[in-house]
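First up is the structure itself, then whatever we jot down about it.
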Protein chains: 2
Amino acid sequence: MSNEKSVQLVAVGSIGIDTIETPVARRESILGGSASYACAAASFFTRVGMVGVVGTDFPKQHVDLYKHFRINLDGLETVPGETFRWTGVYEANMDNRRTICTDLNVFASFLPKLPLSYRKSPFLFLANIQPCLQLHVLGQIEKPRFVVVDTMDLWINTAKEVLLQVIQRVDMLTLNESEARHLSGEQTLLKAARVLLGLGPKYVLIKKGEHGSILFSPDGVFLMPAYPLEDVQDPTGAGDTFAGGLMGSLASGGKVSEIAIRKAMIYGSIVASFGVEAFSLDRLHTLTLDEIEARVGRFRDMMKVR
Amino acid sequence: MSNEKSVQLVAVGSIGIDTIETPVARRESILGGSASYACAAASFFTRVGMVGVVGTDFPKQHVDLYKHFRINLDGLETVPGETFRWTGVYEANMDNRRTICTDLNVFASFLPKLPLSYRKSPFLFLANIQPCLQLHVLGQIEKPRFVVVDTMDLWINTAKEVLLQVIQRVDMLTLNESEARHLSGEQTLLKAARVLLGLGPKYVLIKKGEHGSILFSPDGVFLMPAYPLEDVQDPTGAGDTFAGGLMGSLASGGKVSEIAIRKAMIYGSIVASFGVEAFSLDRLHTLTLDEIEARVGRFRDMMKVR
């Protein structure tokens, strides 16, 4: 475990109020956003600092929940106006989701500022936000040990040039299967990953949802399945929870190597497997490190060949 | 390796002449059928006997190819008429295929007969054919050590009652993801597998194509990813190649245990990964055990956590 006083990981992303409908249920005005999921997941392993913005309407109970996770909130800005809102509906198989409504609100004019106390953080996770904001954050952090960037189709379509600048400057790019194909122009993930590694990062992590994820590096490939779940309530934020857990776990060890990343992927994946069992941060709220370790143990048994 | 003289594994299935179009190429009148793929794959590991039927038009070169694989052909019947023919087209992502045309021909009146030399075979693979034919074969084999059955949506829809009788009498049921959901009526694979295990078999193996496969037993779950491929030419027969390689590998060891099945799944999966690199049995034709072992080694490295 890292020094409790200083932030070991900074996560920059969105903070939102979501309305979500899955085949299982519908929830209105619940806490969401990539920064919320990533920081909550990371908090099980390390001291994480959150960079994001909310409006004056942001409920105190959500701030209290962040505090419950002992997330450092020096980088959480509150500005006049309303908090970012998103409404989405999932199809029967939970694979596809439709965005019904996005109200950027205070997020529209967000310019992330790193507090002084975050600038020496060894680990940085740039969750899925506009590439120019990600670039702006990269300009404020001092010699980080390991930086991961996430992105999405929207930015590949509308801000590819800036996105490529960001990708060139980070250690790991994470994105989902279809985005990897889209950004690389290649069909098979092996070829896609080769193209993406060519853009600069040392690692490319392709997320496949319920089918797991694949880590590519110049030297190797790590094929990680997903922990099989009885019931999925809400897959929202699973990718951010995975990345946040991964980065938190990696930061807690301090060292970065391919084997350390593989191990951290297991932890990230397991935290995400808990996360999707309920809406919002409801399951992470009650989750313990013992529960994580127990499921990691079962997960490892499920991957064992001998 | 098993005794060269006696058949250690019997595979019953279709033998066909296929016309296949994938996004990569189109091939007319090539050798196909579940028995062809399964026996060729198994032949790398054990002495396999084929049970199937062809017409008098069946080209001698295909029989020669079976002999090249040293497949025992005592169970291969040639009857007056034309060989089974199938024409299929794959979509861009190779996930979905459409059947353009099926001519059952001599396969329509096929009644599989096990030669005396096959009846004491310890391993039996019932590839995807009509459940009543699978049941007929089960009536002819004497105390097999391990029987696996494969099936498809068509039989779940049209012959469910007989299919359930077959499933009750085998050791392992293998089917793909959507078939598992369909037959069980459950959405998550964990719940689906529990229902399917309740039908009688000790193991349920759910195939997920390029996403790997999952072995379920009352005691455990084995999550196996798929070996990542540069190029896929033709996925036809991949499931049969996987099952055939698995059964061949298992038969060569002789013992059946969950750990032995996990290991055999690796071998089956790797043989299938070679198989889809070319149409028909073209890649398996030139494949060597050394190549298989080398790729198995790389595959294991890709699954290693520590």
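Labeling convention for the structure tokens: chains A, B, ... as they appear, residues from 1 per chain, ligands from 1 in order of appearance.
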- What lies within 8 Å of region 269-281 of chain B using only C-alpha atoms, ignoring chain neighbours under 4 positions off, as an NGL selection string? :B and (27 or 30-32 or 37 or 40-41 or 226-227 or 229 or 231-236 or 238-239 or 241-242 or 245-246 or 265 or 285 or 287 or 292 or 295-296)
File of the preceding selection, N, CA, C and O atoms, as an mmCIF file, in the first residue's frame:
data_model
loop_
_atom_site.group_PDB
_atom_site.id
_atom_site.type_symbol
_atom_site.label_atom_id
_atom_site.label_comp_id
_atom_site.auth_asym_id
_atom_site.auth_seq_id
_atom_site.Cartn_x
_atom_site.Cartn_y
_atom_site.Cartn_z
ATOM 1 N N ARG B 27 -14.570 -20.447 -52.489
ATOM 2 C CA ARG B 27 -14.072 -21.729 -52.970
ATOM 3 C C ARG B 27 -15.245 -22.639 -53.285
ATOM 4 O O ARG B 27 -16.174 -22.735 -52.492
ATOM 5 N N ILE B 30 -15.275 -27.925 -52.148
ATOM 6 C CA ILE B 30 -14.136 -28.349 -51.335
ATOM 7 C C ILE B 30 -14.626 -29.313 -50.252
ATOM 8 O O ILE B 30 -15.792 -29.328 -49.900
ATOM 9 N N LEU B 31 -13.689 -30.094 -49.723
ATOM 10 C CA LEU B 31 -14.044 -31.086 -48.712
ATOM 11 C C LEU B 31 -14.479 -30.407 -47.411
ATOM 12 O O LEU B 31 -13.815 -29.490 -46.935
ATOM 13 N N GLY B 32 -15.594 -30.864 -46.860
ATOM 14 C CA GLY B 32 -16.068 -30.327 -45.597
ATOM 15 C C GLY B 32 -16.792 -31.393 -44.790
ATOM 16 O O GLY B 32 -16.609 -32.598 -45.022
ATOM 17 N N TYR B 37 -13.552 -32.584 -40.443
ATOM 18 C CA TYR B 37 -12.776 -31.679 -39.588
ATOM 19 C C TYR B 37 -12.380 -32.340 -38.266
ATOM 20 O O TYR B 37 -11.233 -32.256 -37.828
ATOM 21 N N ALA B 40 -9.698 -35.211 -38.816
ATOM 22 C CA ALA B 40 -8.384 -34.679 -39.186
ATOM 23 C C ALA B 40 -7.708 -34.083 -37.946
ATOM 24 O O ALA B 40 -6.520 -34.328 -37.695
ATOM 25 N N ALA B 41 -8.464 -33.315 -37.160
ATOM 26 C CA ALA B 41 -7.889 -32.676 -35.963
ATOM 27 C C ALA B 41 -7.449 -33.720 -34.945
ATOM 28 O O ALA B 41 -6.365 -33.629 -34.362
ATOM 29 N N ALA B 226 -9.254 -17.393 -26.859
ATOM 30 C CA ALA B 226 -8.869 -17.948 -28.159
ATOM 31 C C ALA B 226 -7.522 -17.381 -28.563
ATOM 32 O O ALA B 226 -7.200 -16.230 -28.249
ATOM 33 N N TYR B 227 -6.729 -18.193 -29.240
ATOM 34 C CA TYR B 227 -5.432 -17.737 -29.743
ATOM 35 C C TYR B 227 -5.676 -16.639 -30.784
ATOM 36 O O TYR B 227 -6.448 -16.844 -31.729
ATOM 37 N N LEU B 229 -5.448 -14.417 -33.965
ATOM 38 C CA LEU B 229 -4.965 -14.722 -35.312
ATOM 39 C C LEU B 229 -4.799 -13.475 -36.165
ATOM 40 O O LEU B 229 -5.572 -12.535 -36.084
ATOM 41 N N ASP B 231 -4.839 -13.510 -39.590
ATOM 42 C CA ASP B 231 -5.790 -13.588 -40.694
ATOM 43 C C ASP B 231 -6.635 -14.843 -40.562
ATOM 44 O O ASP B 231 -6.106 -15.905 -40.256
ATOM 45 N N VAL B 232 -7.911 -14.697 -40.788
ATOM 46 C CA VAL B 232 -8.791 -15.863 -40.818
ATOM 47 C C VAL B 232 -9.326 -15.982 -42.237
ATOM 48 O O VAL B 232 -9.889 -15.034 -42.778
ATOM 49 N N GLN B 233 -9.091 -17.145 -42.836
ATOM 50 C CA GLN B 233 -9.556 -17.358 -44.208
ATOM 51 C C GLN B 233 -10.969 -17.919 -44.212
ATOM 52 O O GLN B 233 -11.807 -17.498 -44.989
ATOM 53 N N ASP B 234 -11.203 -18.909 -43.352
ATOM 54 C CA ASP B 234 -12.492 -19.603 -43.390
ATOM 55 C C ASP B 234 -12.767 -20.285 -42.049
ATOM 56 O O ASP B 234 -12.092 -21.253 -41.702
ATOM 57 N N PRO B 235 -13.756 -19.783 -41.313
ATOM 58 C CA PRO B 235 -14.060 -20.363 -39.993
ATOM 59 C C PRO B 235 -14.870 -21.665 -40.051
ATOM 60 O O PRO B 235 -15.125 -22.259 -38.997
ATOM 61 N N THR B 236 -15.236 -22.120 -41.246
ATOM 62 C CA THR B 236 -16.038 -23.337 -41.337
ATOM 63 C C THR B 236 -15.325 -24.510 -40.645
ATOM 64 O O THR B 236 -14.139 -24.735 -40.862
ATOM 65 N N ALA B 238 -14.540 -24.861 -37.580
ATOM 66 C CA ALA B 238 -13.664 -24.541 -36.441
ATOM 67 C C ALA B 238 -14.128 -25.269 -35.176
ATOM 68 O O ALA B 238 -13.305 -25.802 -34.422
ATOM 69 N N GLY B 239 -15.435 -25.294 -34.955
ATOM 70 C CA GLY B 239 -15.971 -25.969 -33.768
ATOM 71 C C GLY B 239 -15.707 -27.469 -33.794
ATOM 72 O O GLY B 239 -15.410 -28.080 -32.762
ATOM 73 N N THR B 241 -13.244 -28.921 -35.492
ATOM 74 C CA THR B 241 -11.796 -29.083 -35.362
ATOM 75 C C THR B 241 -11.405 -28.979 -33.892
ATOM 76 O O THR B 241 -10.596 -29.776 -33.389
ATOM 77 N N PHE B 242 -11.978 -28.010 -33.201
ATOM 78 C CA PHE B 242 -11.740 -27.820 -31.767
ATOM 79 C C PHE B 242 -12.133 -29.089 -31.004
ATOM 80 O O PHE B 242 -11.326 -29.653 -30.245
ATOM 81 N N GLY B 245 -9.874 -32.110 -31.981
ATOM 82 C CA GLY B 245 -8.547 -31.992 -31.383
ATOM 83 C C GLY B 245 -8.605 -32.260 -29.890
ATOM 84 O O GLY B 245 -7.740 -32.957 -29.328
ATOM 85 N N LEU B 246 -9.634 -31.713 -29.246
ATOM 86 C CA LEU B 246 -9.843 -31.938 -27.811
ATOM 87 C C LEU B 246 -9.979 -33.435 -27.522
ATOM 88 O O LEU B 246 -9.270 -33.980 -26.657
ATOM 89 N N MET B 265 -8.451 -29.017 -24.151
ATOM 90 C CA MET B 265 -9.102 -27.858 -24.782
ATOM 91 C C MET B 265 -8.069 -26.945 -25.432
ATOM 92 O O MET B 265 -8.290 -26.392 -26.508
ATOM 93 N N HIS B 285 -3.577 -30.157 -43.450
ATOM 94 C CA HIS B 285 -2.855 -31.073 -44.349
ATOM 95 C C HIS B 285 -1.340 -30.980 -44.161
ATOM 96 O O HIS B 285 -0.623 -31.984 -44.184
ATOM 97 N N LEU B 287 0.115 -29.359 -41.515
ATOM 98 C CA LEU B 287 0.437 -29.072 -40.105
ATOM 99 C C LEU B 287 1.244 -30.220 -39.470
ATOM 100 O O LEU B 287 1.009 -31.390 -39.770
ATOM 101 N N ILE B 292 2.148 -27.462 -33.718
ATOM 102 C CA ILE B 292 1.101 -27.416 -32.695
ATOM 103 C C ILE B 292 1.709 -27.122 -31.327
ATOM 104 O O ILE B 292 1.277 -26.219 -30.618
ATOM 105 N N ARG B 295 2.909 -23.497 -30.914
ATOM 106 C CA ARG B 295 1.839 -22.524 -30.716
ATOM 107 C C ARG B 295 1.157 -22.724 -29.361
ATOM 108 O O ARG B 295 0.764 -21.740 -28.725
ATOM 109 N N VAL B 296 1.067 -23.965 -28.910
ATOM 110 C CA VAL B 296 0.529 -24.227 -27.563
ATOM 111 C C VAL B 296 1.397 -23.510 -26.517
ATOM 112 O O VAL B 296 0.887 -22.887 -25.583
#
- Counting only C-alpha atoms, which residues of chain A come no farther than 8 Å from chain B, as a PyMOL selection string? chain A and resi 93+187-191+211+220-226+228-231+259+262-263+301-306
Residues as selected, N, CA and C atoms, written as a PDB file, in the first residue's frame, can you do that?
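And here's again34.pdb as it stands now:
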ATOM      1  N   ASN A  93     -29.378  -7.800 -24.666  1.00  0.00           N
ATOM      2  CA  ASN A  93     -28.139  -8.525 -24.349  1.00  0.00           C
ATOM      3  C   ASN A  93     -27.128  -7.672 -23.599  1.00  0.00           C
ATOM      4  N   GLN A 187      -9.082  -5.238 -39.229  1.00  0.00           N
ATOM      5  CA  GLN A 187     -10.191  -6.070 -38.780  1.00  0.00           C
ATOM      6  C   GLN A 187      -9.791  -6.977 -37.604  1.00  0.00           C
ATOM      7  N   THR A 188      -8.677  -7.705 -37.752  1.00  0.00           N
ATOM      8  CA  THR A 188      -8.300  -8.586 -36.641  1.00  0.00           C
ATOM      9  C   THR A 188      -7.601  -7.758 -35.551  1.00  0.00           C
ATOM     10  N   LEU A 189      -7.835  -8.148 -34.293  1.00  0.00           N
ATOM     11  CA  LEU A 189      -7.313  -7.366 -33.174  1.00  0.00           C
ATOM     12  C   LEU A 189      -5.785  -7.372 -33.141  1.00  0.00           C
ATOM     13  N   LEU A 190      -5.195  -8.458 -33.614  1.00  0.00           N
ATOM     14  CA  LEU A 190      -3.734  -8.554 -33.646  1.00  0.00           C
ATOM     15  C   LEU A 190      -3.142  -7.489 -34.563  1.00  0.00           C
ATOM     16  N   LYS A 191      -3.727  -7.344 -35.737  1.00  0.00           N
ATOM     17  CA  LYS A 191      -3.262  -6.304 -36.673  1.00  0.00           C
ATOM     18  C   LYS A 191      -3.607  -4.909 -36.158  1.00  0.00           C
ATOM     19  N   HIS A 211     -16.425 -10.604 -22.793  1.00  0.00           N
ATOM     20  CA  HIS A 211     -15.455 -11.569 -23.314  1.00  0.00           C
ATOM     21  C   HIS A 211     -14.041 -11.297 -22.809  1.00  0.00           C
ATOM     22  N   GLY A 220       4.666  -9.130 -26.053  1.00  0.00           N
ATOM     23  CA  GLY A 220       3.750 -10.195 -25.690  1.00  0.00           C
ATOM     24  C   GLY A 220       2.290  -9.825 -25.803  1.00  0.00           C
ATOM     25  N   VAL A 221       1.496 -10.845 -25.571  1.00  0.00           N
ATOM     26  CA  VAL A 221       0.047 -10.708 -25.593  1.00  0.00           C
ATOM     27  C   VAL A 221      -0.472 -11.381 -24.325  1.00  0.00           C
ATOM     28  N   PHE A 222      -1.401 -10.733 -23.640  1.00  0.00           N
ATOM     29  CA  PHE A 222      -2.046 -11.361 -22.490  1.00  0.00           C
ATOM     30  C   PHE A 222      -3.544 -11.433 -22.767  1.00  0.00           C
ATOM     31  N   LEU A 223      -4.047 -12.667 -22.795  1.00  0.00           N
ATOM     32  CA  LEU A 223      -5.452 -12.905 -23.084  1.00  0.00           C
ATOM     33  C   LEU A 223      -6.178 -13.096 -21.764  1.00  0.00           C
ATOM     34  N   MET A 224      -6.970 -12.121 -21.375  1.00  0.00           N
ATOM     35  CA  MET A 224      -7.679 -12.264 -20.104  1.00  0.00           C
ATOM     36  C   MET A 224      -9.172 -12.436 -20.325  1.00  0.00           C
ATOM     37  N   PRO A 225      -9.713 -13.562 -19.850  1.00  0.00           N
ATOM     38  CA  PRO A 225     -11.157 -13.742 -19.971  1.00  0.00           C
ATOM     39  C   PRO A 225     -11.866 -12.837 -18.965  1.00  0.00           C
ATOM     40  N   ALA A 226     -13.178 -12.850 -18.971  1.00  0.00           N
ATOM     41  CA  ALA A 226     -13.942 -12.094 -17.975  1.00  0.00           C
ATOM     42  C   ALA A 226     -14.520 -13.066 -16.965  1.00  0.00           C
ATOM     43  N   PRO A 228     -17.178 -14.871 -15.031  1.00  0.00           N
ATOM     44  CA  PRO A 228     -18.572 -15.092 -15.432  1.00  0.00           C
ATOM     45  C   PRO A 228     -19.540 -14.687 -14.326  1.00  0.00           C
ATOM     46  N   LEU A 229     -20.572 -13.966 -14.710  1.00  0.00           N
ATOM     47  CA  LEU A 229     -21.503 -13.424 -13.720  1.00  0.00           C
ATOM     48  C   LEU A 229     -22.887 -14.039 -13.833  1.00  0.00           C
ATOM     49  N   GLU A 230     -23.484 -14.196 -12.696  1.00  0.00           N
ATOM     50  CA  GLU A 230     -24.843 -14.730 -12.564  1.00  0.00           C
ATOM     51  C   GLU A 230     -25.842 -13.734 -13.151  1.00  0.00           C
ATOM     52  N   ASP A 231     -25.736 -12.506 -12.707  1.00  0.00           N
ATOM     53  CA  ASP A 231     -26.668 -11.460 -13.106  1.00  0.00           C
ATOM     54  C   ASP A 231     -25.916 -10.156 -13.310  1.00  0.00           C
ATOM     55  N   ILE A 259       4.265  -8.045 -16.364  1.00  0.00           N
ATOM     56  CA  ILE A 259       3.658  -9.000 -15.430  1.00  0.00           C
ATOM     57  C   ILE A 259       2.845  -8.251 -14.354  1.00  0.00           C
ATOM     58  N   ARG A 262      -0.399  -7.350 -15.998  1.00  0.00           N
ATOM     59  CA  ARG A 262      -1.289  -8.512 -16.088  1.00  0.00           C
ATOM     60  C   ARG A 262      -2.014  -8.725 -14.761  1.00  0.00           C
ATOM     61  N   LYS A 263      -1.243  -8.667 -13.679  1.00  0.00           N
ATOM     62  CA  LYS A 263      -1.829  -8.879 -12.360  1.00  0.00           C
ATOM     63  C   LYS A 263      -2.843  -7.780 -12.038  1.00  0.00           C
ATOM     64  N   ASP A 301      -8.312 -19.572 -10.403  1.00  0.00           N
ATOM     65  CA  ASP A 301      -8.588 -21.006 -10.560  1.00  0.00           C
ATOM     66  C   ASP A 301      -9.268 -21.295 -11.897  1.00  0.00           C
ATOM     67  N   MET A 302     -10.084 -20.359 -12.346  1.00  0.00           N
ATOM     68  CA  MET A 302     -10.817 -20.533 -13.602  1.00  0.00           C
ATOM     69  C   MET A 302      -9.935 -20.369 -14.830  1.00  0.00           C
ATOM     70  N   MET A 303      -8.709 -19.869 -14.605  1.00  0.00           N
ATOM     71  CA  MET A 303      -7.788 -19.673 -15.725  1.00  0.00           C
ATOM     72  C   MET A 303      -6.675 -20.706 -15.741  1.00  0.00           C
ATOM     73  N   LYS A 304      -6.638 -21.540 -14.707  1.00  0.00           N
ATOM     74  CA  LYS A 304      -5.542 -22.470 -14.515  1.00  0.00           C
ATOM     75  C   LYS A 304      -5.587 -23.625 -15.505  1.00  0.00           C
ATOM     76  N   VAL A 305      -4.454 -23.919 -16.118  1.00  0.00           N
ATOM     77  CA  VAL A 305      -4.396 -25.067 -17.016  1.00  0.00           C
ATOM     78  C   VAL A 305      -3.767 -26.257 -16.303  1.00  0.00           C
ATOM     79  N   ARG A 306      -2.830 -25.964 -15.398  1.00  0.00           N
ATOM     80  CA  ARG A 306      -2.207 -27.080 -14.662  1.00  0.00           C
ATOM     81  C   ARG A 306      -1.936 -26.662 -13.234  1.00  0.00           C
TER      82      ARG A 306
END
- Task: Using DSSP on the backbone coordinates, identify all residues within region 55-243 of chain A classified as strand (DSSP E); present the result as a ChimeraX atom specification.
- Result: /A:55,76-79,84-90,97-103,123-126,146-150,172-176,203-207,213-216,221-224
- Item | Distance query Asn157 (chain A) at most 12 Å, only C-alpha atoms, self and fewer than 4 positions along chain excluded, as an MDAnalysis selection string | chainID A and resid 130:131 151:153 161:164 179 182:183
- Query: as a ChimeraX atom specification, which residues of region 189-273 of chain A does DSSP assign to helix (DSSP H, G or I)?
  - Reply: /A:189-197,209-211,238-253,258-273
- Can you pull out every residue within 10 Å of Phe125 (chain B), counting only C-alpha atoms, but drop anything in the same chain fewer than 2 positions away, and send it as a PyMOL selection string? chain B and resi 9-13+35+38-39+50+123+127-128+134+146-150+170+172+240+243-244+247-248
Neighbours of Val53 (chain B) within 6 Å (only C-alpha atoms; same-chain residues fewer than 4 positions away dropped), as a PDB file with N, CA and C atoms, in the first residue's frame?
ATOM      1  N   LEU B  76     -16.543 -45.625 -42.869  1.00  0.00           N
ATOM      2  CA  LEU B  76     -16.936 -44.730 -43.961  1.00  0.00           C
ATOM      3  C   LEU B  76     -17.705 -45.524 -45.015  1.00  0.00           C
ATOM      4  N   GLU B  77     -18.961 -45.213 -45.171  1.00  0.00           N
ATOM      5  CA  GLU B  77     -19.822 -45.903 -46.131  1.00  0.00           C
ATOM      6  C   GLU B  77     -19.879 -45.155 -47.451  1.00  0.00           C
ATOM      7  N   THR B  78     -19.819 -45.861 -48.537  1.00  0.00           N
ATOM      8  CA  THR B  78     -20.073 -45.250 -49.843  1.00  0.00           C
ATOM      9  C   THR B  78     -21.342 -45.884 -50.404  1.00  0.00           C
TER      10      THR B  78
END
- Using CA of Val54 (chain B) and CA of Val89 (chain B) as the two end points, give the distance in Å to one decimal. 23.3 Å
- Query: For the atom pair CA of Thr56 (chain A) and CA of Asp103 (chain A), what is the interatomic distance in Å to one decimal place?
  - Reply: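 Calculated distance between CA of Thr56 (chain A) and CA of Asp103 (chain A) is 15.2 Å.
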- Query: CA of Arg145 (chain A) to CA of Asp171 (chain A): how many Å, to one decimal?
  - Reply: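 Computing the Euclidean distance for CA of Arg145 (chain A) and CA of Asp171 (chain A) yields 8.7 Å.
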- Mind checking which residues fall within 6 Å of region 108-121 of chain B, counting only C-alpha atoms, ignoring those fewer than 3 positions away in the same chain, and posting them as a list in words?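 My list of contacting residues is Val7, Gln8, Leu9, Gly75, Leu104, Asn105, Ile141 and Glu142 of chain B.
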Requested write-out: N, CA and C atoms of the selected residues, as a tab-separated table (two decimals), in the first residue's frame:
chain	number	residue	atom	x	y	z
B	7	VAL	N	-8.71	-48.43	-32.66
B	7	VAL	CA	-9.28	-47.10	-32.66
B	7	VAL	C	-9.56	-46.65	-31.22
B	8	GLN	N	-9.04	-45.49	-30.84
B	8	GLN	CA	-9.24	-44.96	-29.48
B	8	GLN	C	-10.37	-43.94	-29.43
B	9	LEU	N	-10.69	-43.43	-30.59
B	9	LEU	CA	-11.74	-42.40	-30.68
B	9	LEU	C	-12.55	-42.64	-31.94
B	75	GLY	N	-15.49	-47.22	-40.95
B	75	GLY	CA	-16.86	-46.73	-40.74
B	75	GLY	C	-17.33	-45.79	-41.83
B	104	LEU	N	-29.06	-32.63	-49.01
B	104	LEU	CA	-28.70	-33.76	-48.15
B	104	LEU	C	-28.18	-34.94	-48.94
B	105	ASN	N	-28.83	-35.21	-50.10
B	105	ASN	CA	-28.41	-36.33	-50.95
B	105	ASN	C	-28.31	-37.63	-50.14
B	141	ILE	N	-22.32	-48.53	-29.15
B	141	ILE	CA	-20.99	-48.49	-28.53
B	141	ILE	C	-21.06	-49.16	-27.16
B	142	GLU	N	-19.96	-49.87	-26.82
B	142	GLU	CA	-19.96	-50.61	-25.55
B	142	GLU	C	-19.18	-49.87	-24.48
- Message: From the options B:Asp18, B:Cys101, B:Val48, B:Gly139, which residue's atoms come nearest to Lys67 (chain B), counting only C-alpha atoms?
- Response: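 With only C-alpha atoms as the atom set, the closest residue is B:Val48.
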